[in-house]
>>> print(open('work-v3.txt').read())   # compact mmCIF, C-alpha atoms
# COMPACT_ATOMS: atom_id res chain seq x y z
CA MET A 447 28.05 26.51 -29.91
CA THR A 448 26.61 23.24 -31.15
CA VAL A 449 23.11 22.67 -29.88
CA ILE A 450 21.93 19.13 -29.34
CA ARG A 451 18.45 17.90 -30.06
CA THR A 452 16.11 16.72 -27.30
CA THR A 453 12.90 14.78 -27.35
CA THR A 454 9.45 16.27 -27.27
CA GLY A 455 6.36 14.23 -26.64
CA PRO A 456 2.61 14.35 -26.47
CA ARG A 457 1.07 16.70 -23.92
CA PHE A 458 -0.75 13.95 -22.08
CA ALA A 459 -0.46 10.28 -21.17
CA ARG A 460 -3.04 7.72 -20.14
CA LEU A 461 -3.49 4.15 -18.94
CA ARG A 462 -4.23 2.21 -22.13
CA GLY A 463 -4.78 -1.36 -20.96
CA LEU A 464 -4.62 -3.38 -17.78
CA GLY A 465 -3.68 -6.99 -17.10
CA VAL A 466 -3.46 -9.09 -13.96
CA PHE A 467 -2.39 -12.50 -12.77
CA ARG A 468 -3.54 -13.79 -9.41
CA GLY A 469 -1.70 -16.62 -7.68
CA GLU A 470 -3.43 -19.89 -8.55
CA LEU A 471 -4.03 -20.97 -4.95
CA LEU A 472 -6.73 -19.42 -2.78
CA VAL A 473 -5.50 -19.76 0.80
CA PRO A 474 -8.14 -19.25 3.52
CA ASN A 475 -7.28 -18.07 7.03
CA GLU A 476 -7.91 -21.57 8.39
CA ASP A 477 -4.88 -22.83 6.47
CA ILE A 478 -2.41 -20.46 8.10
CA ILE A 479 -3.64 -19.87 11.66
CA GLY A 480 -1.86 -22.86 13.21
CA PRO A 481 1.73 -21.57 13.32
CA ILE A 482 0.62 -18.11 14.51
CA ASP A 483 -1.78 -19.47 17.13
CA SER A 484 -4.55 -17.26 15.82
CA SER A 485 -8.08 -17.55 14.44
CA ASP A 486 -10.06 -16.71 11.33
CA GLU A 487 -12.04 -14.23 13.42
CA TRP A 488 -8.90 -12.41 14.64
CA ILE A 489 -7.39 -12.11 11.16
CA ARG A 490 -10.66 -10.79 9.73
CA LYS A 491 -11.01 -8.28 12.58
CA MET A 492 -7.43 -7.00 12.36
CA THR A 493 -7.00 -7.04 8.57
CA GLY A 494 -10.28 -7.73 6.78
CA ILE A 495 -8.61 -10.64 4.97
CA ALA A 496 -10.59 -13.85 4.40
CA THR A 497 -8.32 -15.43 1.79
CA ARG A 498 -5.08 -14.55 0.02
CA VAL A 499 -3.93 -15.63 -3.42
CA ARG A 500 -0.64 -17.50 -3.56
CA ALA A 501 1.28 -18.91 -6.48
CA LYS A 502 2.10 -22.54 -7.04
CA PRO A 503 5.67 -23.48 -6.12
CA ASP A 504 6.78 -23.64 -9.75
CA THR A 505 5.20 -20.31 -10.72
CA SER A 506 7.86 -17.59 -10.54
CA VAL A 507 7.51 -13.86 -10.12
CA ILE A 508 8.64 -13.56 -13.74
CA ASP A 509 5.92 -15.99 -14.87
CA MET A 510 3.30 -13.86 -13.14
CA ALA A 511 4.72 -10.63 -14.55
CA GLU A 512 4.70 -12.11 -18.05
CA ALA A 513 1.11 -13.29 -17.79
CA ALA A 514 -0.16 -9.93 -16.53
CA SER A 515 1.86 -8.09 -19.18
CA ARG A 516 0.49 -10.15 -22.06
CA GLN A 517 -3.03 -9.35 -20.91
CA ALA A 518 -2.20 -5.65 -20.58
CA LEU A 519 -0.76 -5.53 -24.11
CA GLU A 520 -3.82 -7.30 -25.46
CA ASN A 521 -6.24 -5.01 -23.64
CA ALA A 522 -4.28 -1.96 -24.81
CA GLY A 523 -4.46 -3.30 -28.35
CA ILE A 524 -0.80 -2.75 -29.08
CA ASP A 525 2.10 -4.94 -30.16
CA ALA A 526 5.24 -5.60 -28.16
CA ASP A 527 7.36 -3.55 -30.56
CA GLU A 528 5.39 -0.43 -29.63
CA ILE A 529 6.71 -0.61 -26.06
CA ASP A 530 9.79 1.57 -25.50
CA ALA A 531 10.34 0.85 -21.80
CA VAL A 532 9.47 -1.85 -19.29
CA ILE A 533 9.41 -0.90 -15.62
CA LEU A 534 9.11 -3.80 -13.18
CA SER A 535 8.35 -3.02 -9.57
CA THR A 536 9.21 -5.95 -7.35
CA ILE A 537 10.91 -6.75 -4.06
CA THR A 538 10.75 -10.49 -4.54
CA PHE A 539 12.82 -11.16 -7.66
CA PRO A 540 15.50 -13.28 -6.00
CA HIS A 541 18.56 -11.90 -7.76
CA ILE A 542 20.65 -8.85 -6.93
CA THR A 543 21.42 -8.78 -10.64
CA PRO A 544 20.26 -8.97 -13.36
CA GLY A 545 16.99 -7.19 -12.85
CA GLY A 546 13.75 -8.96 -13.63
CA ALA A 547 12.51 -6.41 -16.15
CA PRO A 548 14.85 -7.42 -19.01
CA VAL A 549 13.81 -11.06 -18.50
CA VAL A 550 10.12 -10.14 -18.64
CA ALA A 551 10.74 -7.94 -21.68
CA ASP A 552 12.58 -10.72 -23.48
CA ARG A 553 9.73 -13.15 -22.89
CA LEU A 554 7.38 -10.62 -24.45
CA GLY A 555 9.65 -10.04 -27.43
CA ILE A 556 10.62 -6.55 -26.25
CA ASP A 557 14.23 -5.34 -26.53
CA ALA A 558 13.55 -1.81 -25.31
CA ALA A 559 14.77 -0.23 -22.06
CA ALA A 560 13.92 -2.40 -19.09
CA PHE A 561 14.66 -1.86 -15.42
CA ASP A 562 13.44 -2.74 -11.94
CA ILE A 563 12.36 -0.33 -9.24
CA SER A 564 12.35 -1.12 -5.53
CA ALA A 565 9.55 0.86 -4.00
CA ALA A 566 7.72 -2.03 -2.35
CA CYS A 567 4.00 -1.43 -1.98
CA ALA A 568 4.32 2.04 -3.55
CA GLY A 569 6.06 0.59 -6.61
CA TYR A 570 3.09 0.58 -8.97
CA CYS A 571 2.35 4.28 -8.39
CA TYR A 572 6.07 5.07 -8.63
CA GLY A 573 6.07 3.27 -11.99
CA ILE A 574 3.01 5.13 -13.24
CA GLY A 575 4.65 8.42 -12.34
CA GLN A 576 7.81 7.49 -14.22
CA ALA A 577 5.91 6.16 -17.23
CA ASP A 578 3.80 9.31 -17.43
CA SER A 579 6.99 11.39 -17.56
CA LEU A 580 8.68 9.12 -20.11
CA VAL A 581 5.70 9.31 -22.46
CA ARG A 582 5.14 13.05 -22.15
CA SER A 583 8.84 13.77 -22.64
CA GLY A 584 8.86 11.78 -25.86
CA GLN A 585 11.43 9.37 -24.48
CA ALA A 586 9.01 6.47 -24.88
CA ARG A 587 5.92 5.98 -27.05
CA ASN A 588 4.46 3.43 -24.64
CA VAL A 589 5.69 2.13 -21.29
CA LEU A 590 4.77 -1.18 -19.72
CA VAL A 591 4.53 -0.84 -15.93
CA VAL A 592 4.43 -4.10 -14.00
CA GLY A 593 4.03 -4.75 -10.30
CA ALA A 594 4.81 -8.39 -9.53
CA GLU A 595 5.43 -10.13 -6.24
CA LYS A 596 5.83 -13.67 -5.00
CA MET A 597 5.70 -12.65 -1.36
CA SER A 598 5.18 -16.22 -0.19
CA GLU A 599 8.88 -16.93 -0.86
CA PHE A 600 9.81 -14.43 1.87
CA ILE A 601 7.41 -15.23 4.67
CA ASP A 602 7.79 -17.00 7.99
CA PRO A 603 4.64 -19.04 8.72
CA ALA A 604 5.15 -18.36 12.45
CA ASP A 605 5.46 -14.58 12.02
CA ARG A 606 2.51 -12.67 13.45
CA SER A 607 3.52 -9.29 12.03
CA ILE A 608 3.01 -9.48 8.26
CA SER A 609 3.38 -12.95 6.76
CA TYR A 610 -0.27 -13.92 7.14
CA LEU A 611 -1.34 -10.85 5.15
CA LEU A 612 0.70 -11.54 2.06
CA GLY A 613 -0.25 -12.90 -1.34
CA ASP A 614 1.33 -13.49 -4.74
CA ALA A 615 0.20 -11.69 -7.89
CA ALA A 616 1.12 -9.40 -10.75
CA GLY A 617 -0.55 -6.41 -12.33
CA ALA A 618 0.51 -4.60 -15.47
CA VAL A 619 -0.60 -1.56 -17.39
CA VAL A 620 0.43 0.07 -20.65
CA VAL A 621 0.93 3.83 -20.39
CA GLY A 622 0.82 5.67 -23.68
CA PRO A 623 -0.05 8.97 -25.34
CA SER A 624 -3.39 10.66 -24.81
CA GLU A 625 -5.27 13.52 -26.40
CA THR A 626 -6.72 14.59 -23.07
CA PRO A 627 -5.24 14.74 -19.54
CA ALA A 628 -5.56 11.27 -17.98
CA ILE A 629 -2.77 10.94 -15.40
CA GLY A 630 -2.55 13.65 -12.77
CA PRO A 631 0.70 14.81 -11.20
CA THR A 632 2.36 12.18 -9.03
CA VAL A 633 2.69 13.27 -5.42
CA TRP A 634 5.47 11.16 -3.99
CA GLY A 635 8.08 11.06 -1.28
CA SER A 636 9.87 9.03 1.34
CA ASP A 637 10.52 8.89 5.07
CA GLY A 638 13.69 6.88 5.57
CA ALA A 639 13.54 7.48 9.33
CA GLY A 640 10.92 4.73 9.25
CA ALA A 641 13.05 2.31 7.25
CA HIS A 642 13.00 -0.17 10.13
CA LEU A 643 9.21 -0.32 10.28
CA VAL A 644 8.88 -2.73 7.32
CA ARG A 645 12.03 -4.73 6.73
CA GLN A 646 13.85 -7.92 5.96
CA THR A 647 14.65 -9.78 9.18
CA ALA A 648 18.39 -9.95 8.36
CA SER A 649 20.68 -8.73 5.62
CA TRP A 650 22.09 -11.22 3.14
CA PHE A 651 25.51 -10.74 4.77
CA GLU A 652 24.13 -11.55 8.21
CA TYR A 653 22.52 -14.64 6.77
CA ARG A 654 25.75 -15.66 5.03
CA ASP A 655 28.05 -15.00 7.99
CA ASN A 656 26.00 -16.32 10.89
CA PRO A 657 24.84 -19.93 10.68
CA ASP A 658 22.22 -19.24 13.37
CA THR A 659 20.49 -16.61 11.24
CA PRO A 660 17.34 -17.99 9.61
CA PHE A 661 16.61 -17.29 5.95
CA PRO A 662 15.55 -13.62 5.81
CA THR A 663 11.83 -12.96 5.64
CA LEU A 664 9.60 -9.92 5.90
CA TYR A 665 8.66 -8.23 9.15
CA GLN A 666 6.75 -5.12 10.12
CA GLU A 667 5.98 -3.02 13.17
CA GLY A 668 2.28 -3.33 12.46
CA PRO A 669 0.76 -0.67 14.72
CA SER A 670 3.37 1.93 13.71
CA VAL A 671 2.81 1.21 10.03
CA TYR A 672 -0.94 1.45 10.60
CA LYS A 673 -0.53 4.86 12.23
CA TRP A 674 1.76 6.17 9.47
CA ALA A 675 -0.34 4.87 6.62
CA SER A 676 -3.71 5.83 8.08
CA PHE A 677 -2.89 9.34 9.16
CA LYS A 678 0.15 10.50 7.15
CA MET A 679 -1.11 9.25 3.79
CA ALA A 680 -4.44 11.05 3.86
CA PRO A 681 -2.80 14.47 3.29
CA VAL A 682 -0.77 12.94 0.44
CA ALA A 683 -3.96 11.67 -1.16
CA LEU A 684 -5.61 15.07 -0.80
CA GLU A 685 -2.52 16.70 -2.32
CA ALA A 686 -2.78 14.39 -5.34
CA ILE A 687 -6.44 15.33 -5.78
CA GLU A 688 -5.60 19.01 -5.56
CA ALA A 689 -2.62 18.63 -7.91
CA ALA A 690 -4.96 17.10 -10.49
CA GLY A 691 -7.21 20.14 -10.22
CA VAL A 692 -10.23 18.22 -8.98
CA THR A 693 -12.04 17.73 -5.68
CA PRO A 694 -12.95 14.57 -3.74
CA ALA A 695 -16.48 14.95 -5.15
CA ASP A 696 -15.10 14.48 -8.68
CA ILE A 697 -13.52 11.10 -7.87
CA GLN A 698 -15.41 7.90 -8.71
CA ALA A 699 -13.01 5.43 -7.12
CA PHE A 700 -10.45 5.27 -4.34
CA ILE A 701 -7.89 2.55 -4.99
CA PRO A 702 -5.30 2.48 -2.23
CA HIS A 703 -2.63 -0.18 -1.81
CA GLN A 704 -4.42 -3.15 -0.28
CA ALA A 705 -2.37 -3.31 2.92
CA ASN A 706 -5.03 -3.80 5.55
CA MET A 707 -8.77 -3.10 5.58
CA ARG A 708 -8.38 -1.13 8.81
CA ILE A 709 -5.92 1.20 7.06
CA ILE A 710 -8.25 1.56 4.07
CA ASP A 711 -11.21 2.41 6.33
CA GLN A 712 -9.23 4.94 8.34
CA MET A 713 -7.85 6.58 5.18
CA VAL A 714 -11.35 6.97 3.76
CA LYS A 715 -12.38 8.67 7.00
CA GLN A 716 -9.32 10.92 7.16
CA ILE A 717 -9.53 11.96 3.49
CA GLY A 718 -13.24 12.64 3.86
CA LEU A 719 -14.32 10.92 0.68
CA PRO A 720 -17.98 11.37 -0.27
CA ASP A 721 -20.28 8.33 -0.06
CA HIS A 722 -20.52 7.94 -3.82
CA VAL A 723 -16.83 7.06 -4.14
CA ALA A 724 -16.30 3.33 -4.72
CA ILE A 725 -13.65 1.96 -2.38
CA ALA A 726 -11.30 -0.83 -3.50
CA ARG A 727 -11.51 -3.75 -1.09
CA ASP A 728 -9.88 -6.56 -3.04
CA ILE A 729 -7.78 -7.32 0.05
CA VAL A 730 -10.64 -9.43 1.42
CA ASP A 731 -10.00 -12.11 -1.19
CA SER A 732 -6.49 -11.44 -2.51
CA GLY A 733 -4.60 -10.35 0.61
CA ASN A 734 -1.73 -7.88 0.47
CA THR A 735 0.12 -8.38 -2.82
CA SER A 736 2.45 -5.38 -2.48
CA ALA A 737 3.19 -3.73 -5.84
CA ALA A 738 0.47 -5.77 -7.55
CA SER A 739 -2.37 -4.79 -5.24
CA ILE A 740 -3.52 -1.56 -6.92
CA PRO A 741 -3.77 -2.95 -10.47
CA LEU A 742 -5.39 -6.09 -9.02
CA ALA A 743 -7.98 -4.03 -7.17
CA THR A 744 -8.55 -1.86 -10.24
CA GLU A 745 -9.20 -4.90 -12.42
CA ARG A 746 -11.62 -6.26 -9.84
CA MET A 747 -13.60 -3.04 -9.66
CA LEU A 748 -13.84 -2.80 -13.46
CA ARG A 749 -14.87 -6.46 -13.75
CA ASP A 750 -17.49 -6.16 -11.01
CA GLY A 751 -18.93 -3.02 -12.57
CA GLU A 752 -18.16 -0.85 -9.54
CA VAL A 753 -16.37 1.53 -11.89
CA LYS A 754 -16.09 1.89 -15.64
CA SER A 755 -13.53 2.92 -18.19
CA GLY A 756 -13.17 6.70 -18.16
CA ASP A 757 -13.92 7.09 -14.45
CA LEU A 758 -11.56 9.09 -12.28
CA ALA A 759 -9.67 7.10 -9.66
CA LEU A 760 -7.41 8.23 -6.87
CA GLN A 761 -4.67 5.65 -6.36
CA ILE A 762 -2.07 5.68 -3.61
CA GLY A 763 0.74 3.28 -2.81
CA PHE A 764 2.71 3.27 0.43
CA GLY A 765 5.07 0.89 2.11
CA ALA A 766 8.57 -0.21 3.03
CA GLY A 767 11.12 2.57 2.83
CA LEU A 768 9.05 4.25 3.92
CA VAL A 769 7.94 5.41 0.48
CA TYR A 770 4.69 6.63 -1.01
CA ALA A 771 3.18 7.89 -4.26
CA ALA A 772 -0.30 8.97 -5.31
CA GLN A 773 -1.97 10.21 -8.45
CA VAL A 774 -5.43 10.68 -9.95
CA VAL A 775 -5.90 8.63 -13.13
CA VAL A 776 -8.57 8.07 -15.74
CA LEU A 777 -9.32 4.36 -15.66
CA PRO A 778 -8.53 2.41 -18.84
CA MET G 466 -2.61 26.34 29.54
CA ALA G 467 -2.15 22.74 30.65
CA LEU G 468 -5.36 20.84 31.28
CA SER G 469 -6.17 19.16 34.58
CA GLU G 470 -6.16 15.39 34.95
CA GLN G 471 -9.97 15.37 34.90
CA GLU G 472 -10.08 17.46 31.74
CA VAL G 473 -7.60 15.16 29.99
CA LEU G 474 -9.59 12.12 31.12
CA ALA G 475 -12.81 13.62 29.77
CA GLY G 476 -11.17 14.44 26.45
CA LEU G 477 -9.59 11.02 26.17
CA ALA G 478 -12.91 9.34 26.99
CA GLU G 479 -14.51 11.20 24.09
CA ILE G 480 -11.82 9.91 21.75
CA VAL G 481 -12.21 6.34 23.01
CA ALA G 482 -15.98 6.58 22.63
CA GLU G 483 -15.64 7.90 19.09
CA GLU G 484 -13.24 5.13 18.06
CA THR G 485 -14.85 2.18 19.84
CA GLY G 486 -18.40 3.07 20.80
CA ILE G 487 -17.60 2.53 24.48
CA ASP G 488 -19.59 4.80 26.81
CA THR G 489 -17.46 7.68 28.07
CA ALA G 490 -18.52 6.84 31.63
CA ASP G 491 -16.74 3.49 31.32
CA VAL G 492 -13.41 5.10 30.48
CA GLN G 493 -11.94 5.35 33.98
CA LEU G 494 -8.38 5.84 35.17
CA ASP G 495 -7.99 2.29 36.46
CA LYS G 496 -9.30 0.61 33.31
CA SER G 497 -6.88 -1.33 31.13
CA PHE G 498 -7.16 -0.50 27.44
CA THR G 499 -6.81 -4.13 26.38
CA ASP G 500 -8.15 -6.21 29.26
CA ASP G 501 -11.07 -4.02 30.35
CA LEU G 502 -11.95 -1.97 27.28
CA ASP G 503 -11.03 -4.62 24.68
CA ILE G 504 -9.13 -2.11 22.55
CA ASP G 505 -6.79 -3.76 20.03
CA SER G 506 -3.38 -2.50 18.94
CA LEU G 507 -4.66 -0.70 15.83
CA SER G 508 -7.51 1.07 17.63
CA MET G 509 -4.99 2.05 20.29
CA MET G 510 -2.87 3.73 17.61
CA THR G 511 -5.90 5.63 16.38
CA ILE G 512 -6.69 6.78 19.93
CA VAL G 513 -3.08 7.83 20.45
CA THR G 514 -3.01 9.80 17.19
CA LEU G 515 -6.27 11.57 17.95
CA ALA G 516 -5.02 12.31 21.47
CA GLU G 517 -1.83 13.81 20.04
CA GLU G 518 -3.94 16.14 17.93
CA LYS G 519 -6.43 17.00 20.63
CA PHE G 520 -3.93 17.69 23.40
CA ASP G 521 -1.09 18.96 21.20
CA VAL G 522 1.42 16.46 22.56
CA ARG G 523 3.65 13.87 20.94
CA ILE G 524 3.41 10.26 22.02
CA PRO G 525 6.21 8.22 20.38
CA ASP G 526 5.19 4.79 19.07
CA GLU G 527 7.61 3.08 21.45
CA GLU G 528 5.81 4.70 24.41
CA VAL G 529 2.43 3.27 23.49
CA LYS G 530 3.20 -0.15 24.96
CA ASN G 531 3.69 1.55 28.34
CA LEU G 532 0.21 3.06 28.27
CA VAL G 533 -1.47 0.04 29.77
CA SER G 534 -4.26 1.80 31.64
CA VAL G 535 -6.29 4.90 30.92
CA GLY G 536 -4.51 6.45 33.90
CA ASP G 537 -1.13 5.81 32.25
CA ALA G 538 -2.27 7.70 29.17
CA VAL G 539 -3.74 10.56 31.19
CA ASN G 540 -0.50 10.85 33.20
CA TYR G 541 1.60 10.82 30.07
CA ILE G 542 -0.47 13.52 28.40
CA THR G 543 -0.68 15.66 31.52
CA THR G 544 3.09 15.47 31.99
CA ALA G 545 3.82 16.11 28.32
CA GLN G 546 1.64 19.21 28.42
CA ALA G 547 3.37 20.68 31.43
>>> encode(input="work-v3.txt", output="structure tokens")
Amino acid sequence: MTVIRTTTGPRFARLRGLGVFRGELLVPNEDIIGPIDSSDEWIRKMTGIATRVRAKPDTSVIDMAEAASRQALENAGIDADEIDAVILSTITFPHITPGGAPVVADRLGIDAAAFDISAACAGYCYGIGQADSLVRSGQARNVLVVGAEKMSEFIDPADRSISYLLGDAAGAVVVGPSETPAIGPTVWGSDGAGAHLVRQTASWFEYRDNPDTPFPTLYQEGPSVYKWASFKMAPVALEAIEAAGVTPADIQAFIPHQANMRIIDQMVKQIGLPDHVAIARDIVDSGNTSAASIPLATERMLRDGEVKSGDLALQIGFGAGLVYAAQVVVLP
Amino acid sequence: MALSEQEVLAGLAEIVAEETGIDTADVQLDKSFTDDLDIDSLSMMTIVTLAEEKFDVRIPDEEVKNLVSVGDAVNYITTAQA
């Protein structure tokens, strides 16, 4: 029998370099409270958000992904031709096909494998899990993982469920080979029974076929999502810590998806993180930027000196699907 | 064994106090969670989740809107336990 050859790769992978792009406009609560008949005080109390970053009208999700990617490549110190796969996590690239990843890759001068993933606010951690496997299997030398969202294209200014939380941004990281373990096992899963909890208000067919249907935007059952994220995600986070062979005391940073400060606070309590663990709270200034929020928060913590390269961080993404993914990583 | 109404009320009051800082003595059957105790929708979900754990009952999300008063919650839990 003829035996085919398969790839073999390095034993370990790591995050090599991070890049971000924040929407150019800083939008304070005062600018959005009118249509939702709310107040700065209420938004801060319910979400912790003071401002959210939003992109200019002529800045596309691809533009943001490209900018973050260029920075990630530069910080990783590698050339575009060393990237063997580009994974773009987005729910706001406005085409059913083609995907956005090949377009981003082309702008960067990359002709390697490129594909989108739709895992909403868990997309970045899904991408890291995939990239880790691609590198360690030898299928790719380096993988560019990008989370990019222009959420403001899919909001209803009068919606009180989710629109006021959302921001526009992109985060990118290069995953490559490592001599030491630097990305723990990804603990991931889904709960499709909760698919209705975060959703588009109408399908494209409903929009096409019914003239009374407004342009589809995002909607969430806020309290139910809060309950799921706050209480069901803590065991997932603990599982990721255990899978990495460490304990909460070994972690220097907790970087959850920046969905809502109330969720972050409750998760910290439920996980039982020690006081020394730095908690990502970029949501205060950037809002909820979906797949971009974890790399954005990571960059912020590194820049502010809350954490440093080489520290251990627990990151967890969770969102529409419902889907979730968590892993312990060594910060780049 | 199912708990009495007073036992459920006492347990629920402890949860409310833990989540909000409200004195347990103020958590009475006729008090409205929102109007009297100023508990918002997210804190309410925390209270519901902790109550599910404490009393070993399930309170579906869609039922939470019907739990207007503390008495509603106590009745729901007491019935669910039976």
>>> residues_near_point(input="work-v3.txt", point="(11.5, -3.5, -6.3)", cutoff="8 Å", atoms="only C-alpha atoms", output="PyMOL selection string")
chain A and resi 534-539+562-566+569
>>> atom_distance(input="work-v3.txt", atom1="CA of Pro603 in chain A", atom2="CA of Ile710 in chain A")
24.7 Å
>>> interface_residues(input="work-v3.txt", of="chain A", to="chain G", cutoff="9 Å", atoms="only C-alpha atoms", output="short mmCIF file (atom, residue, chain, number, x, y, z; two decimals) with C-alpha atoms, in the coordinates of the input")
data_model
loop_
_atom_site.label_atom_id
_atom_site.label_comp_id
_atom_site.auth_asym_id
_atom_site.auth_seq_id
_atom_site.Cartn_x
_atom_site.Cartn_y
_atom_site.Cartn_z
CA MET A 492 -7.43 -7.00 12.36
CA GLY A 668 2.28 -3.33 12.46
CA PRO A 669 0.76 -0.67 14.72
CA SER A 670 3.37 1.93 13.71
CA TYR A 672 -0.94 1.45 10.60
CA LYS A 673 -0.53 4.86 12.23
CA SER A 676 -3.71 5.83 8.08
CA PHE A 677 -2.89 9.34 9.16
CA ARG A 708 -8.38 -1.13 8.81
CA GLN A 712 -9.23 4.94 8.34
#
>>> atom_distance(input="work-v3.txt", atom1="CA of Val522 in chain G", atom2="CA of Gly476 in chain G")
13.3 Å
>>> atom_distance(input="work-v3.txt", atom1="CA of Ser609 in chain A", atom2="CA of Ile479 in chain A")
11.0 Å
>>> residues_around(input="work-v3.txt", residues="range 751-763 of chain A", least_positions_apart="6", cutoff="8 Å", atoms="all atoms listed in the file", output="ChimeraX atom specification")
/A:567-571,683,686-687,696-703,724,740,770-778
>>> residues_around(input="work-v3.txt", residues="Gln666 in chain A", least_positions_apart="3", cutoff="12 Å", atoms="all atoms listed in the file", output="MDAnalysis selection string")
chainID A and resid 601 605:612 640:647 663 669:672 705 765:768
>>> closest_residue(input="work-v3.txt", among="G:Thr489, G:Lys519, G:Leu468, G:Asp503", to="Gln546 in chain G", atoms="only C-alpha atoms")
G:Leu468
>>> axis_aligned_box(input="work-v3.txt", around="range 500-509 of chain A", padding_each_side="4 Å", output="JSON")
{"center_x": 4.0, "center_y": -18.6, "center_z": -9.2, "size_x": 17.3, "size_y": 18.1, "size_z": 19.3}
>>> closest_residue(input="work-v3.txt", among="A:Met679, A:Pro631, A:Thr453, A:Ala726", to="Val692 in chain A", atoms="all atoms listed in the file")
A:Pro631
>>> closest_residue(input="work-v3.txt", among="A:Asp557, A:Asp477, A:Asp750, A:Glu595", to="Ala514 in chain A", atoms="all atoms listed in the file")
A:Glu595
>>> residues_around(input="work-v3.txt", residues="Ala577 in chain A", least_positions_apart="2", cutoff="10 Å", atoms="all atoms listed in the file", output="PyMOL selection string")
chain A and resi 459-461+531-533+571-575+579-583+585-591+620-622
>>> closest_residue(input="work-v3.txt", among="G:Ile542, G:Val533, G:Ile504, G:Ala547", to="Leu474 in chain G", atoms="only C-alpha atoms")
G:Ile542
>>> residues_around(input="work-v3.txt", residues="Leu477 in chain G", least_positions_apart="2", cutoff="10 Å", atoms="only C-alpha atoms", output="short mmCIF file (atom, residue, chain, number, x, y, z; two decimals) with C-alpha atoms, in the coordinates of the input")
data_model
loop_
_atom_site.label_atom_id
_atom_site.label_comp_id
_atom_site.auth_asym_id
_atom_site.auth_seq_id
_atom_site.Cartn_x
_atom_site.Cartn_y
_atom_site.Cartn_z
CA GLN G 471 -9.97 15.37 34.90
CA GLU G 472 -10.08 17.46 31.74
CA VAL G 473 -7.60 15.16 29.99
CA LEU G 474 -9.59 12.12 31.12
CA ALA G 475 -12.81 13.62 29.77
CA GLU G 479 -14.51 11.20 24.09
CA ILE G 480 -11.82 9.91 21.75
CA VAL G 481 -12.21 6.34 23.01
CA ALA G 482 -15.98 6.58 22.63
CA GLU G 483 -15.64 7.90 19.09
CA THR G 489 -17.46 7.68 28.07
CA VAL G 492 -13.41 5.10 30.48
CA GLN G 493 -11.94 5.35 33.98
CA ILE G 512 -6.69 6.78 19.93
CA VAL G 513 -3.08 7.83 20.45
CA LEU G 515 -6.27 11.57 17.95
CA ALA G 516 -5.02 12.31 21.47
CA LYS G 519 -6.43 17.00 20.63
CA PHE G 520 -3.93 17.69 23.40
CA VAL G 535 -6.29 4.90 30.92
CA ALA G 538 -2.27 7.70 29.17
CA VAL G 539 -3.74 10.56 31.19
CA ILE G 542 -0.47 13.52 28.40
#
>>> residues_near_point(input="work-v3.txt", point="(-0.7, -14.9, -13.1)", cutoff="7 Å", atoms="all atoms listed in the file", output="list in words")
Val466, Phe467, Arg468, Gly469, Asp509, Met510, Ala513, Ala514, Ala615 and Ala616 of chain A
>>> write_last_selection(input="work-v3.txt", atoms="C-alpha atoms", output="tab-separated table (two decimals), in the coordinates of the input")
chain	number	residue	atom	x	y	z
A	466	VAL	CA	-3.46	-9.09	-13.96
A	467	PHE	CA	-2.39	-12.50	-12.77
A	468	ARG	CA	-3.54	-13.79	-9.41
A	469	GLY	CA	-1.70	-16.62	-7.68
A	509	ASP	CA	5.92	-15.99	-14.87
A	510	MET	CA	3.30	-13.86	-13.14
A	513	ALA	CA	1.11	-13.29	-17.79
A	514	ALA	CA	-0.16	-9.93	-16.53
A	615	ALA	CA	0.20	-11.69	-7.89
A	616	ALA	CA	1.12	-9.40	-10.75
>>> closest_residue(input="work-v3.txt", among="G:Leu494, G:Asn531, G:Asp488, G:Asn540", to="Ser469 in chain G", atoms="only C-alpha atoms")
G:Asn540
>>> closest_residue(input="work-v3.txt", among="A:Arg457, A:His722, A:Lys596, A:Arg749", to="Lys502 in chain A", atoms="all atoms listed in the file")
A:Lys596
